[in-house]
$ cat upload-v8.txt   # compact mmCIF, C-alpha atoms
# COMPACT_ATOMS: atom_id res chain seq x y z
CA MET A 204 63.98 -8.31 5.65
CA SER A 205 61.48 -7.71 8.45
CA LYS A 206 58.84 -10.32 9.13
CA LYS A 207 55.26 -9.81 8.04
CA VAL A 208 52.53 -9.96 10.67
CA LEU A 209 48.88 -9.86 9.68
CA VAL A 210 46.38 -8.33 12.13
CA VAL A 211 42.79 -9.44 11.54
CA ASP A 212 40.43 -7.37 13.67
CA ASP A 213 37.29 -5.36 12.95
CA ASP A 214 38.03 -2.74 15.61
CA PRO A 215 40.10 0.12 14.15
CA ASP A 216 41.44 1.09 17.58
CA VAL A 217 42.74 -2.42 18.16
CA ARG A 218 44.28 -2.56 14.67
CA SER A 219 45.97 0.76 15.29
CA PHE A 220 47.33 -0.43 18.68
CA VAL A 221 48.75 -3.65 17.24
CA VAL A 222 50.18 -1.94 14.15
CA THR A 223 51.99 0.58 16.37
CA VAL A 224 53.44 -2.19 18.52
CA LEU A 225 54.55 -4.07 15.40
CA GLU A 226 56.16 -1.06 13.76
CA GLU A 227 57.99 -0.12 16.93
CA ASN A 228 59.44 -3.62 16.98
CA ARG A 229 60.42 -3.64 13.31
CA TYR A 230 57.85 -6.01 11.99
CA THR A 231 55.93 -5.28 8.81
CA PRO A 232 52.24 -4.99 9.71
CA LEU A 233 49.44 -6.02 7.38
CA VAL A 234 45.80 -5.47 8.26
CA ALA A 235 42.44 -7.04 7.49
CA CYS A 236 39.04 -6.05 8.90
CA ASP A 237 37.16 -9.36 8.91
CA GLY A 238 37.47 -13.09 8.38
CA VAL A 239 36.94 -13.02 4.63
CA GLU A 240 39.48 -10.28 4.01
CA GLY A 241 41.82 -12.01 6.45
CA LEU A 242 41.84 -15.25 4.49
CA GLU A 243 42.42 -13.39 1.23
CA MET A 244 45.40 -11.55 2.75
CA ILE A 245 46.88 -14.74 4.17
CA GLN A 246 46.67 -16.46 0.78
CA LYS A 247 48.10 -13.46 -1.04
CA GLU A 248 50.73 -12.13 1.38
CA LYS A 249 51.82 -15.35 3.13
CA PRO A 250 52.51 -13.61 6.49
CA ASP A 251 54.92 -15.06 9.03
CA LEU A 252 52.36 -14.72 11.81
CA VAL A 253 48.65 -13.93 12.15
CA ILE A 254 47.12 -12.04 15.08
CA LEU A 255 43.47 -12.95 14.99
CA ASP A 256 40.34 -11.59 16.67
CA VAL A 257 37.34 -13.91 17.12
CA LEU A 258 34.14 -11.86 17.02
CA MET A 259 34.09 -10.11 13.64
CA PRO A 260 31.70 -9.54 10.77
CA ARG A 261 31.84 -11.60 7.55
CA GLY A 262 33.37 -14.71 9.07
CA SER A 263 34.52 -15.03 12.66
CA GLY A 264 38.05 -15.74 13.82
CA ILE A 265 36.90 -19.22 14.77
CA ARG A 266 35.98 -19.98 11.18
CA LEU A 267 39.16 -18.42 9.83
CA TYR A 268 41.28 -20.31 12.37
CA ARG A 269 39.72 -23.61 11.31
CA GLN A 270 40.17 -22.72 7.64
CA LEU A 271 43.87 -22.10 8.27
CA LYS A 272 44.49 -25.20 10.32
CA THR A 273 42.75 -27.50 7.86
CA ASP A 274 44.52 -26.12 4.80
CA ASP A 275 47.79 -27.94 4.06
CA ALA A 276 49.30 -24.86 2.47
CA LEU A 277 48.49 -22.59 5.40
CA LYS A 278 48.41 -24.75 8.50
CA ALA A 279 52.02 -23.97 9.41
CA VAL A 280 51.34 -20.24 9.78
CA PRO A 281 51.46 -19.51 13.52
CA VAL A 282 48.39 -17.83 14.98
CA ILE A 283 48.02 -15.69 18.07
CA MET A 284 44.38 -15.38 19.04
CA PHE A 285 43.80 -11.86 20.38
CA THR A 286 40.23 -11.43 21.51
CA GLY A 287 37.66 -10.54 24.15
CA ILE A 288 36.15 -14.02 23.89
CA ALA A 289 37.26 -16.18 26.81
CA LEU A 290 39.60 -19.09 26.08
CA ARG A 291 37.13 -21.44 27.74
CA SER A 292 34.43 -20.47 25.23
CA PHE A 293 36.86 -20.77 22.34
CA LEU A 294 37.85 -24.28 23.36
CA LYS A 295 34.23 -25.30 23.87
CA SER A 296 33.38 -24.00 20.40
CA GLN A 297 36.20 -26.07 18.92
CA LYS A 298 34.93 -29.13 20.72
CA ALA A 299 31.37 -28.56 19.48
CA LEU A 300 32.63 -28.05 15.91
CA GLU A 301 34.83 -31.13 16.12
CA GLU A 302 31.81 -33.22 17.08
CA PHE A 303 29.69 -31.65 14.36
CA LYS A 304 32.23 -31.61 11.53
CA GLY A 305 34.44 -34.50 12.62
CA GLU A 306 37.53 -32.37 12.03
CA LYS A 307 40.02 -31.87 14.84
CA VAL A 308 42.23 -28.80 14.74
CA PRO A 309 45.12 -28.01 17.11
CA GLU A 310 44.75 -25.41 19.82
CA PRO A 311 46.07 -21.95 18.93
CA ASP A 312 49.75 -21.33 19.56
CA ILE A 313 49.00 -18.45 21.90
CA TYR A 314 45.69 -17.12 23.22
CA LEU A 315 45.64 -13.55 24.54
CA GLU A 316 42.52 -12.08 26.07
CA LYS A 317 42.08 -8.36 25.44
CA PRO A 318 43.29 -6.00 26.69
CA VAL A 319 47.02 -6.65 26.94
CA GLU A 320 50.03 -4.46 27.56
CA PRO A 321 52.25 -3.82 24.51
CA GLN A 322 55.10 -5.81 26.02
CA GLU A 323 52.88 -8.85 26.54
CA LEU A 324 52.00 -8.77 22.86
CA VAL A 325 55.65 -8.34 21.82
CA ASP A 326 56.68 -11.27 24.03
CA ALA A 327 53.99 -13.44 22.46
CA ILE A 328 55.10 -12.51 18.94
CA LYS A 329 58.75 -13.18 19.76
CA LYS A 330 57.86 -16.64 21.01
CA LYS A 331 56.55 -17.54 17.57
CA ILE A 332 58.80 -15.71 15.07
CA MET B 294 14.38 -21.56 1.58
CA LYS B 295 16.26 -22.47 4.75
CA ILE B 296 17.06 -20.10 7.59
CA LYS B 297 20.78 -20.69 8.02
CA LYS B 298 21.86 -17.22 8.96
CA LEU B 299 20.01 -14.57 10.90
CA LEU B 300 20.70 -10.92 11.49
CA PHE B 301 19.76 -9.92 15.01
CA VAL B 302 19.23 -6.16 15.24
CA THR B 303 19.16 -4.94 18.80
CA LYS B 304 19.06 -1.70 20.73
CA PHE B 305 19.27 -3.76 23.94
CA GLU B 306 16.25 -2.02 25.47
CA SER B 307 13.73 -4.31 23.86
CA LEU B 308 15.63 -7.21 22.33
CA CYS B 309 18.11 -9.13 24.39
CA TYR B 310 19.64 -12.56 24.68
CA ASP B 311 16.42 -14.12 25.99
CA ALA B 312 14.78 -13.21 22.68
CA LEU B 313 17.65 -14.67 20.71
CA HIS B 314 17.62 -17.78 22.86
CA SER B 315 13.96 -18.37 22.03
CA LEU B 316 14.94 -18.50 18.34
CA LEU B 317 17.64 -21.09 18.76
CA ASP B 318 15.15 -23.86 18.00
CA LEU B 319 15.86 -22.85 14.41
CA ARG B 320 19.13 -24.74 14.74
CA LYS B 321 17.11 -27.92 14.24
CA SER B 322 16.32 -26.76 10.74
CA GLY B 323 19.74 -25.47 9.79
CA LEU B 324 20.46 -22.20 11.63
CA GLU B 325 24.21 -22.01 12.01
CA HIS B 326 25.19 -18.34 11.92
CA VAL B 327 24.00 -15.31 13.90
CA VAL B 328 25.12 -11.78 13.11
CA PHE B 329 24.51 -9.11 15.75
CA LEU B 330 23.92 -5.52 14.78
CA ASN B 331 23.73 -2.61 17.19
CA VAL B 332 23.12 0.76 15.61
CA ILE B 333 23.92 3.74 17.81
CA GLU B 334 21.78 6.53 16.47
CA ARG B 335 23.77 9.50 15.30
CA GLU B 336 21.85 11.99 17.40
CA LYS B 337 23.10 10.23 20.53
CA VAL B 338 26.72 11.03 19.79
CA THR B 339 27.10 13.60 17.08
CA MET B 340 27.09 17.34 16.97
CA ARG B 341 25.38 18.29 20.22
CA ARG B 342 24.82 21.99 20.57
CA GLY B 343 27.72 23.49 22.46
CA LYS B 344 29.58 20.18 22.53
CA GLY B 345 30.14 19.23 18.91
CA TYR B 346 30.94 15.60 18.18
CA VAL B 347 30.81 13.55 21.38
CA LYS B 348 33.54 11.01 20.72
CA ASP B 349 33.69 9.83 24.35
CA ASP B 350 30.01 8.90 24.25
CA GLU B 351 30.52 6.96 21.04
CA VAL B 352 33.39 4.98 22.55
CA ARG B 353 31.44 4.32 25.72
CA LEU B 354 28.29 3.16 23.90
CA LYS B 355 30.31 0.96 21.55
CA GLU B 356 32.14 -0.66 24.45
CA ILE B 357 28.88 -1.34 26.29
CA ALA B 358 27.49 -3.01 23.16
CA ASN B 359 30.71 -4.92 22.61
CA ILE B 360 30.68 -6.34 26.15
CA ARG B 361 27.09 -7.54 25.64
CA PHE B 362 27.85 -9.07 22.27
CA ILE B 363 30.93 -10.86 23.59
CA ASP B 364 28.83 -12.43 26.31
CA TRP B 365 26.12 -13.52 23.85
CA ALA B 366 28.67 -14.68 21.30
CA GLU B 367 30.43 -16.87 23.86
CA ASN B 368 27.16 -18.72 24.48
CA LEU B 369 26.62 -19.26 20.76
CA PHE B 370 30.22 -20.16 20.00
CA GLU B 371 30.05 -22.79 22.73
CA MET B 372 27.13 -24.36 20.85
CA GLY B 373 29.32 -24.58 17.78
CA MET B 374 27.61 -21.70 15.99
CA GLU B 375 29.21 -19.03 13.85
CA VAL B 376 28.79 -15.47 15.15
CA GLY B 377 29.55 -12.03 13.79
CA ALA B 378 28.92 -8.54 15.12
CA TYR B 379 28.57 -4.96 13.94
CA ILE B 380 28.42 -1.95 16.24
CA GLU B 381 27.98 1.20 14.22
CA VAL B 382 27.03 4.83 14.60
CA SER B 383 24.53 5.33 11.82
CA SER B 384 20.86 5.50 10.86
CA LEU B 385 19.02 2.29 11.60
CA ILE B 386 17.41 1.24 8.34
CA PRO B 387 20.23 2.19 5.93
CA LYS B 388 22.70 0.38 8.17
CA ILE B 389 20.53 -2.75 8.35
CA LEU B 390 20.29 -2.78 4.56
CA GLU B 391 24.05 -2.32 4.24
CA VAL B 392 24.72 -5.24 6.58
CA VAL B 393 22.12 -7.36 4.77
CA GLU B 394 24.00 -6.70 1.56
CA LYS B 395 27.31 -7.77 3.13
CA GLU B 396 26.13 -10.74 5.15
CA LYS B 397 23.20 -12.07 3.06
CA PRO B 398 21.14 -13.30 6.03
CA ASP B 399 18.02 -15.44 5.55
CA LEU B 400 16.09 -13.66 8.31
CA ILE B 401 16.21 -10.26 10.00
CA VAL B 402 15.11 -10.12 13.64
CA ILE B 403 14.18 -6.70 14.99
CA GLY B 404 12.23 -5.31 17.94
CA ARG B 405 9.05 -3.30 17.49
CA SER B 406 9.32 0.20 16.07
CA GLN B 407 10.36 2.83 18.60
CA LYS B 408 9.11 5.80 16.58
CA GLY B 409 6.17 7.86 17.84
CA LYS B 410 2.87 8.14 15.92
CA ILE B 411 3.55 11.55 14.43
CA GLU B 412 7.05 10.55 13.41
CA GLN B 413 5.67 7.38 11.80
CA LEU B 414 3.15 9.36 9.79
CA TYR B 415 5.87 11.34 8.09
CA SER B 416 8.82 9.01 8.11
CA ARG B 417 7.04 5.61 8.36
CA SER B 418 7.75 3.07 11.04
CA ASP B 419 11.08 1.27 11.02
CA ILE B 420 9.26 -1.97 10.25
CA THR B 421 7.39 -0.55 7.27
CA GLU B 422 10.48 1.12 5.97
CA LEU B 423 12.48 -2.06 6.31
CA THR B 424 9.90 -4.31 4.74
CA ARG B 425 9.52 -2.03 1.77
CA ARG B 426 13.24 -2.04 1.12
CA SER B 427 14.31 -5.53 2.11
CA THR B 428 13.83 -8.78 0.22
CA VAL B 429 14.66 -10.77 3.35
CA PRO B 430 11.91 -11.98 5.73
CA ILE B 431 11.64 -9.97 8.94
CA LEU B 432 10.73 -11.23 12.38
CA VAL B 433 9.36 -8.43 14.53
CA PHE B 434 10.04 -9.74 17.98
CA LYS B 435 7.89 -8.75 20.92
CA HIS B 436 7.55 -9.56 24.56
CA MET B 437 4.04 -10.89 24.85
CA THR B 438 3.42 -9.99 28.47
CA GLU B 439 3.74 -6.81 30.46
CA ASN B 440 6.43 -8.31 32.63
CA LYS B 441 8.47 -8.64 29.43
CA LEU B 442 8.80 -12.39 29.54
CA VAL B 443 9.81 -13.78 26.20
CA PRO B 444 7.64 -16.56 24.77
CA ALA B 445 9.82 -19.60 25.25
CA LYS B 446 9.14 -21.15 21.86
CA ILE B 447 7.74 -18.77 19.33
CA PHE B 448 7.53 -21.43 16.63
CA GLU B 449 5.48 -23.71 18.85
CA ARG B 450 2.04 -22.58 17.66
CA PRO B 451 2.27 -20.00 14.88
CA LEU B 452 -0.70 -18.59 13.05
CA PHE B 453 -0.09 -18.23 9.33
CA ALA B 454 -2.53 -15.79 7.75
CA THR B 455 -2.37 -16.26 4.01
CA SER B 456 -3.77 -13.79 1.53
CA TRP B 457 -2.75 -16.08 -1.38
CA SER B 458 -0.45 -13.31 -2.48
CA ASN B 459 3.02 -13.46 -3.90
CA SER B 460 4.51 -12.79 -0.46
CA SER B 461 2.38 -15.56 1.09
CA GLU B 462 3.90 -17.96 -1.44
CA LYS B 463 7.33 -16.93 -0.23
CA ALA B 464 6.20 -17.62 3.32
CA VAL B 465 4.96 -21.09 2.39
CA ALA B 466 8.30 -21.99 0.81
CA CYS B 467 10.15 -20.92 3.94
CA LEU B 468 7.75 -22.51 6.44
CA LYS B 469 7.97 -25.87 4.70
CA GLU B 470 11.64 -25.98 5.70
CA LEU B 471 10.79 -25.60 9.37
CA GLY B 472 9.26 -29.02 9.94
CA ASN B 473 11.58 -29.76 12.87
CA VAL B 474 10.83 -26.47 14.53
CA ILE B 475 7.13 -25.71 14.18
CA GLY B 476 4.84 -27.42 16.66
CA GLU B 477 1.30 -27.00 15.35
CA MET B 478 0.50 -24.34 12.78
CA HIS B 479 -2.88 -22.71 12.33
CA VAL B 480 -3.39 -21.61 8.75
CA MET B 481 -6.09 -19.05 8.09
CA HIS B 482 -7.53 -16.94 5.33
CA VAL B 483 -9.81 -14.00 5.96
CA VAL B 484 -12.54 -13.37 3.43
CA ASP B 485 -13.05 -9.64 3.47
CA GLU B 486 -16.65 -8.77 4.25
CA LYS B 487 -16.57 -6.28 1.41
CA ASP B 488 -16.05 -9.17 -1.01
CA LEU B 489 -19.32 -10.83 0.03
CA LYS B 490 -21.59 -8.48 -1.83
CA THR B 491 -24.60 -10.74 -1.70
CA ALA B 492 -27.07 -11.64 1.02
CA ASP B 493 -27.45 -15.09 -0.58
CA THR B 494 -26.25 -17.64 2.00
CA HIS B 495 -25.55 -20.17 -0.74
CA VAL B 496 -23.03 -17.85 -2.38
CA VAL B 497 -21.47 -17.03 0.96
CA GLN B 498 -21.11 -20.73 1.75
CA GLN B 499 -19.62 -21.32 -1.70
CA VAL B 500 -16.96 -18.73 -1.00
CA ARG B 501 -16.24 -20.34 2.36
CA LYS B 502 -16.02 -23.81 0.77
CA LYS B 503 -13.67 -22.63 -1.94
CA GLU B 504 -11.33 -20.98 0.54
CA ARG B 505 -11.51 -23.93 2.89
CA ASN B 506 -10.53 -26.29 0.06
CA ARG B 507 -7.55 -24.12 -0.78
CA LEU B 508 -6.53 -24.10 2.85
CA ASP B 509 -6.98 -27.89 3.08
CA ASP B 510 -4.63 -28.32 0.14
CA LEU B 511 -2.09 -25.98 1.71
CA CYS B 512 -2.31 -27.79 5.05
CA ALA B 513 -1.78 -31.10 3.24
CA GLU B 514 1.42 -29.64 1.74
CA PHE B 515 2.60 -28.67 5.21
CA GLU B 516 1.67 -32.07 6.66
CA GLU B 517 3.78 -33.69 3.96
CA LYS B 518 6.72 -31.74 5.34
CA GLY B 519 6.01 -32.93 8.88
CA ILE B 520 4.16 -29.83 10.08
CA ALA B 521 0.82 -30.36 11.81
CA ALA B 522 -1.46 -27.73 10.25
CA ARG B 523 -5.10 -26.79 10.85
CA PRO B 524 -7.10 -24.67 8.40
CA HIS B 525 -9.48 -21.86 9.39
CA VAL B 526 -11.65 -19.55 7.30
CA TYR B 527 -12.69 -16.26 8.89
CA VAL B 528 -14.90 -13.53 7.48
CA GLY B 529 -14.63 -9.86 8.33
CA ASP B 530 -12.04 -7.14 8.58
CA PRO B 531 -8.71 -8.94 8.01
CA GLU B 532 -6.77 -7.13 10.71
CA THR B 533 -9.42 -7.74 13.37
CA GLU B 534 -9.97 -11.35 12.37
CA ILE B 535 -6.29 -12.24 12.29
CA LEU B 536 -5.88 -10.88 15.81
CA ARG B 537 -9.04 -12.69 16.89
CA ALA B 538 -7.73 -16.00 15.52
CA ALA B 539 -4.35 -15.43 17.16
CA GLN B 540 -6.09 -15.01 20.46
CA GLU B 541 -8.49 -17.94 19.98
CA TYR B 542 -5.72 -20.37 19.11
CA GLN B 543 -3.23 -18.85 21.56
CA ALA B 544 -0.77 -18.26 18.76
CA SER B 545 2.87 -17.93 19.66
CA MET B 546 3.46 -15.76 16.59
CA ILE B 547 1.67 -14.38 13.53
CA ILE B 548 3.09 -15.04 10.07
CA LEU B 549 2.06 -12.72 7.25
CA GLY B 550 3.00 -11.72 3.75
CA PHE B 551 3.60 -8.03 3.33
CA SER B 552 1.23 -6.07 1.13
CA ASP B 553 2.48 -4.63 -2.14
CA ARG B 554 0.57 -1.39 -1.86
CA THR B 555 2.47 1.60 -3.07
CA ALA B 556 4.43 3.51 -0.48
CA LEU B 557 2.13 6.50 -0.67
CA MET B 558 -1.07 4.46 -0.27
CA GLU B 559 0.45 2.61 2.62
CA ARG B 560 1.54 5.75 4.37
CA TRP B 561 -1.95 7.19 4.44
CA MET B 562 -4.13 4.08 4.57
CA GLY B 563 -1.90 1.66 6.42
CA SER B 564 -1.59 -2.02 5.64
CA ILE B 565 -2.76 -5.07 7.51
CA SER B 566 0.67 -6.54 7.99
CA ARG B 567 2.18 -3.23 9.03
CA ASN B 568 -0.57 -2.55 11.53
CA ILE B 569 -0.35 -6.01 13.03
CA ALA B 570 3.42 -5.92 13.16
CA ASP B 571 3.52 -2.48 14.71
CA LYS B 572 0.58 -2.63 17.09
CA SER B 573 -0.28 -6.18 18.09
CA LEU B 574 1.30 -7.89 21.04
CA TYR B 575 2.29 -10.94 18.98
CA PRO B 576 5.69 -11.47 17.43
CA CYS B 577 5.25 -11.24 13.64
CA LEU B 578 7.15 -12.95 10.89
CA LEU B 579 6.74 -10.86 7.74
CA PHE B 580 7.54 -11.93 4.21
CA PRO B 581 8.22 -9.16 1.73
CA VAL B 582 6.83 -9.23 -1.76
CA LYS B 583 8.80 -11.54 -4.04
CA LYS B 584 10.90 -9.40 -6.35
$ encode --input "upload-v8.txt" --output "structure tokens"
Amino acid sequence: MSKKVLVVDDDPDVRSFVVTVLEENRYTPLVACDGVEGLEMIQKEKPDLVILDVLMPRGSGIRLYRQLKTDDALKAVPVIMFTGIALRSFLKSQKALEEFKGEKVPEPDIYLEKPVEPQELVDAIKKKI
Amino acid sequence: MKIKKLLFVTKFESLCYDALHSLLDLRKSGLEHVVFLNVIEREKVTMRRGKGYVKDDEVRLKEIANIRFIDWAENLFEMGMEVGAYIEVSSLIPKILEVVEKEKPDLIVIGRSQKGKIEQLYSRSDITELTRRSTVPILVFKHMTENKLVPAKIFERPLFATSWSNSSEKAVACLKELGNVIGEMHVMHVVDEKDLKTADTHVVQQVRKKERNRLDDLCAEFEEKGIAARPHVYVGDPETEILRAAQEYQASMIILGFSDRTALMERWMGSISRNIADKSLYPCLLFPVKK
């Protein structure tokens, strides 16, 4: 059975790009448009991998990432961050949130800054599943 | 009522990161989430004569907005804040209301109305339209100088003009939560000249004393919450006197409750809060009528 990959991104063009790459490589794509919908899909569908944008309506990828990594039932799901937000800013945000909330979460498995070539995305996915 | 989440509506021409930055003092009183909204008006991209739907323009405008928002969001994320963004081709007010419904912000921040006078007469200003239809307070942000410098701290010296109305009550409840943010607040009430029907100075002084006592009580409530507040009674045309007081006390912002006149009356006669929000040079924080 092909592996399920959830794409959480508010941009329909990006979703369509990632879904095409996934289908061409025989993964089963699932899609969500924002952080809230993303969490619901993860809980319901239990994907093998999540490809996650950061800047989205109704809950950013940063919030969703922290929700995943602090939930015992979900923390093992690998996450590829796929975003226009620079890694440096992402890491700084994690540091600020750690200080504020006292909760440390691991760095994402893979961080890809948009845009990427299809092969780069496929390579990243193959590293994780 | 705490301001934890704000919706920042920008067209980029008039409201940019410097404006948002001047609001970040609100973090001291609980602000943790900013949602950006950029509405690309339909007429900019759709159905141009001879061209039809201009998809390329839509993509280009969305990408420009996206690049700006990413830059702003990085700054906010680095502070540990939560950020969201919407970039939509739509009509401004319906889209704002739709996003308000989805995101449930505690404050909407918007630049001054861009509509012309004739257009406003028939279709109302964006601000009026929004205040009539929203139950969320609205901050009409303005650059207070011609060189477009943003006031560094707009909560430093606000002027709160109370009409003792239902919407003023809503304002009081919200302002009490901003003890860490507000510097010194001037609290005023304008006795309308039309209400002083007598030439008897004793009666006039009685009216002044009564209003002053009410203001004293209100200021005491604010002081209890850690906000330095000074009461002022003015007499005259409310719009003129509020602007006069703002100037006299070098207000950094004017805070007002919105009138509950009917839409039709307001369209033809105007309202104090609408006029001040639309025309004055001060940023205005407007509280809609409690529903």
$ residues_near_point --input "upload-v8.txt" --point "(32.7, -9.3, 24.9)" --cutoff "12 Å" --atoms "all atoms listed in the file" --output "NGL selection string"
(:A and (256-259 or 286-289 or 292 or 316-318)) or (:B and (355-368 or 377-378))
$ closest_atom_pairs --input "upload-v8.txt" --of "chain A" --to "chain B" --cutoff "10 Å" --atoms "only C-alpha atoms" --output "tab-separated table"
residue	atom	partner	partner_atom	distance
A:Asp213	CA	B:Tyr379	CA	8.8
A:Asp214	CA	B:Ile380	CA	9.7
A:Asp237	CA	B:Gly377	CA	9.4
A:Gly238	CA	B:Gly377	CA	9.6
A:Val257	CA	B:Gly377	CA	8.7
A:Leu258	CA	B:Gly377	CA	5.6
A:Met259	CA	B:Gly377	CA	4.9
A:Pro260	CA	B:Gly377	CA	4.5
A:Arg261	CA	B:Glu396	CA	6.3
A:Gly262	CA	B:Gly377	CA	6.6
A:Ser263	CA	B:Gly377	CA	5.9
A:Gly264	CA	B:Gly377	CA	9.3
A:Ile265	CA	B:Glu375	CA	7.7
A:Arg266	CA	B:Glu375	CA	7.3
A:Thr286	CA	B:Ile363	CA	9.5
A:Gly287	CA	B:Ile363	CA	6.8
A:Ile288	CA	B:Ile363	CA	6.1
A:Ala289	CA	B:Glu367	CA	7.5
A:Leu290	CA	B:Glu367	CA	9.7
A:Arg291	CA	B:Glu371	CA	8.8
A:Ser292	CA	B:Glu371	CA	5.6
A:Phe293	CA	B:Phe370	CA	7.1
A:Leu294	CA	B:Glu371	CA	8.0
A:Lys295	CA	B:Glu371	CA	5.0
A:Ser296	CA	B:Glu371	CA	4.2
A:Gln297	CA	B:Gly373	CA	7.1
A:Lys298	CA	B:Gly373	CA	7.8
A:Ala299	CA	B:Gly373	CA	4.8
A:Leu300	CA	B:Gly373	CA	5.1
A:Glu301	CA	B:Gly373	CA	8.7
A:Glu302	CA	B:Gly373	CA	9.0
A:Phe303	CA	B:Gly373	CA	7.9
A:Lys304	CA	B:Gly373	CA	9.8
$ closest_residue --input "upload-v8.txt" --among "A:Leu242, A:Asp251, A:Pro232, A:Thr273" --to "Gly305 (chain A)" --atoms "only C-alpha atoms"
A:Thr273
$ closest_residue --input "upload-v8.txt" --among "A:Glu243, A:Glu248, A:Glu310, A:Lys330" --to "Lys272 (chain A)" --atoms "all atoms listed in the file"
A:Glu310
$ residues_around --input "upload-v8.txt" --residues "Val210 (chain A)" --least-positions-apart "5" --cutoff "9 Å" --atoms "only C-alpha atoms" --output "PyMOL selection string"
chain A and resi 218+221-222+232-236+241+252-256
$ atom_distance --input "upload-v8.txt" --atom1 "CA of Tyr310 (chain B)" --atom2 "CA of Val480 (chain B)"
29.4 Å
$ atom_distance --input "upload-v8.txt" --atom1 "CA of Ser418 (chain B)" --atom2 "CA of Asp311 (chain B)"
24.4 Å
$ closest_residue --input "upload-v8.txt" --among "A:Val282, A:Leu324, A:Met244, A:Ile332" --to "Pro311 (chain A)" --atoms "all atoms listed in the file"
A:Val282
$ atom_distance --input "upload-v8.txt" --atom1 "CA of Pro398 (chain B)" --atom2 "CA of Gly519 (chain B)"
24.9 Å
$ closest_residue --input "upload-v8.txt" --among "B:Arg405, B:Lys469, B:Arg320, B:Arg353" --to "Lys298 (chain B)" --atoms "all atoms listed in the file"
B:Arg320
$ closest_residue --input "upload-v8.txt" --among "B:Lys304, B:Lys295, B:Lys435, B:Lys348" --to "Leu574 (chain B)" --atoms "only C-alpha atoms"
B:Lys435
$ residues_around --input "upload-v8.txt" --residues "region 504-517 of chain B" --least-positions-apart "5" --cutoff "8 Å" --atoms "all atoms listed in the file" --output "PyMOL selection string"
chain B and resi 469+480-482+522-526
$ write_last_selection --input "upload-v8.txt" --atoms "C-alpha atoms" --output "PDB file, in the coordinates of the input"
ATOM      1  CA  LYS B 469       7.970 -25.870   4.700  1.00  0.00           C
ATOM      2  CA  VAL B 480      -3.390 -21.610   8.750  1.00  0.00           C
ATOM      3  CA  MET B 481      -6.090 -19.050   8.090  1.00  0.00           C
ATOM      4  CA  HIS B 482      -7.530 -16.940   5.330  1.00  0.00           C
ATOM      5  CA  ALA B 522      -1.460 -27.730  10.250  1.00  0.00           C
ATOM      6  CA  ARG B 523      -5.100 -26.790  10.850  1.00  0.00           C
ATOM      7  CA  PRO B 524      -7.100 -24.670   8.400  1.00  0.00           C
ATOM      8  CA  HIS B 525      -9.480 -21.860   9.390  1.00  0.00           C
ATOM      9  CA  VAL B 526     -11.650 -19.550   7.300  1.00  0.00           C
TER      10      VAL B 526
END
$ residues_around --input "upload-v8.txt" --residues "Leu313 (chain B)" --least-positions-apart "3" --cutoff "12 Å" --atoms "all atoms listed in the file" --output "number ranges by chain"
B: 299-303, 305, 307-310, 316-320, 327-329, 362, 365-366, 368-369, 401-404, 432, 434-436, 443-447
$ axis_aligned_box --input "upload-v8.txt" --around "region 297-308 of chain A" --padding-each-side "5 Å" --output "AutoDock Vina command-line options"
--center_x 36.0 --center_y -30.3 --center_z 16.1 --size_x 22.5 --size_y 18.4 --size_z 19.2
$ residues_near_point --input "upload-v8.txt" --point "(54.9, -2.6, 23.1)" --cutoff "9 Å" --atoms "all atoms listed in the file" --output "list in words"
Val221, Thr223, Val224, Leu225, Glu227, Asn228, Glu320, Pro321, Gln322, Glu323, Leu324, Val325 and Asp326 of chain A
$ residues_around --input "upload-v8.txt" --residues "Glu351 (chain B)" --least-positions-apart "5" --cutoff "10 Å" --atoms "all atoms listed in the file" --output "number ranges by chain"
B: 333-335, 337-339, 346, 356-357, 381-382
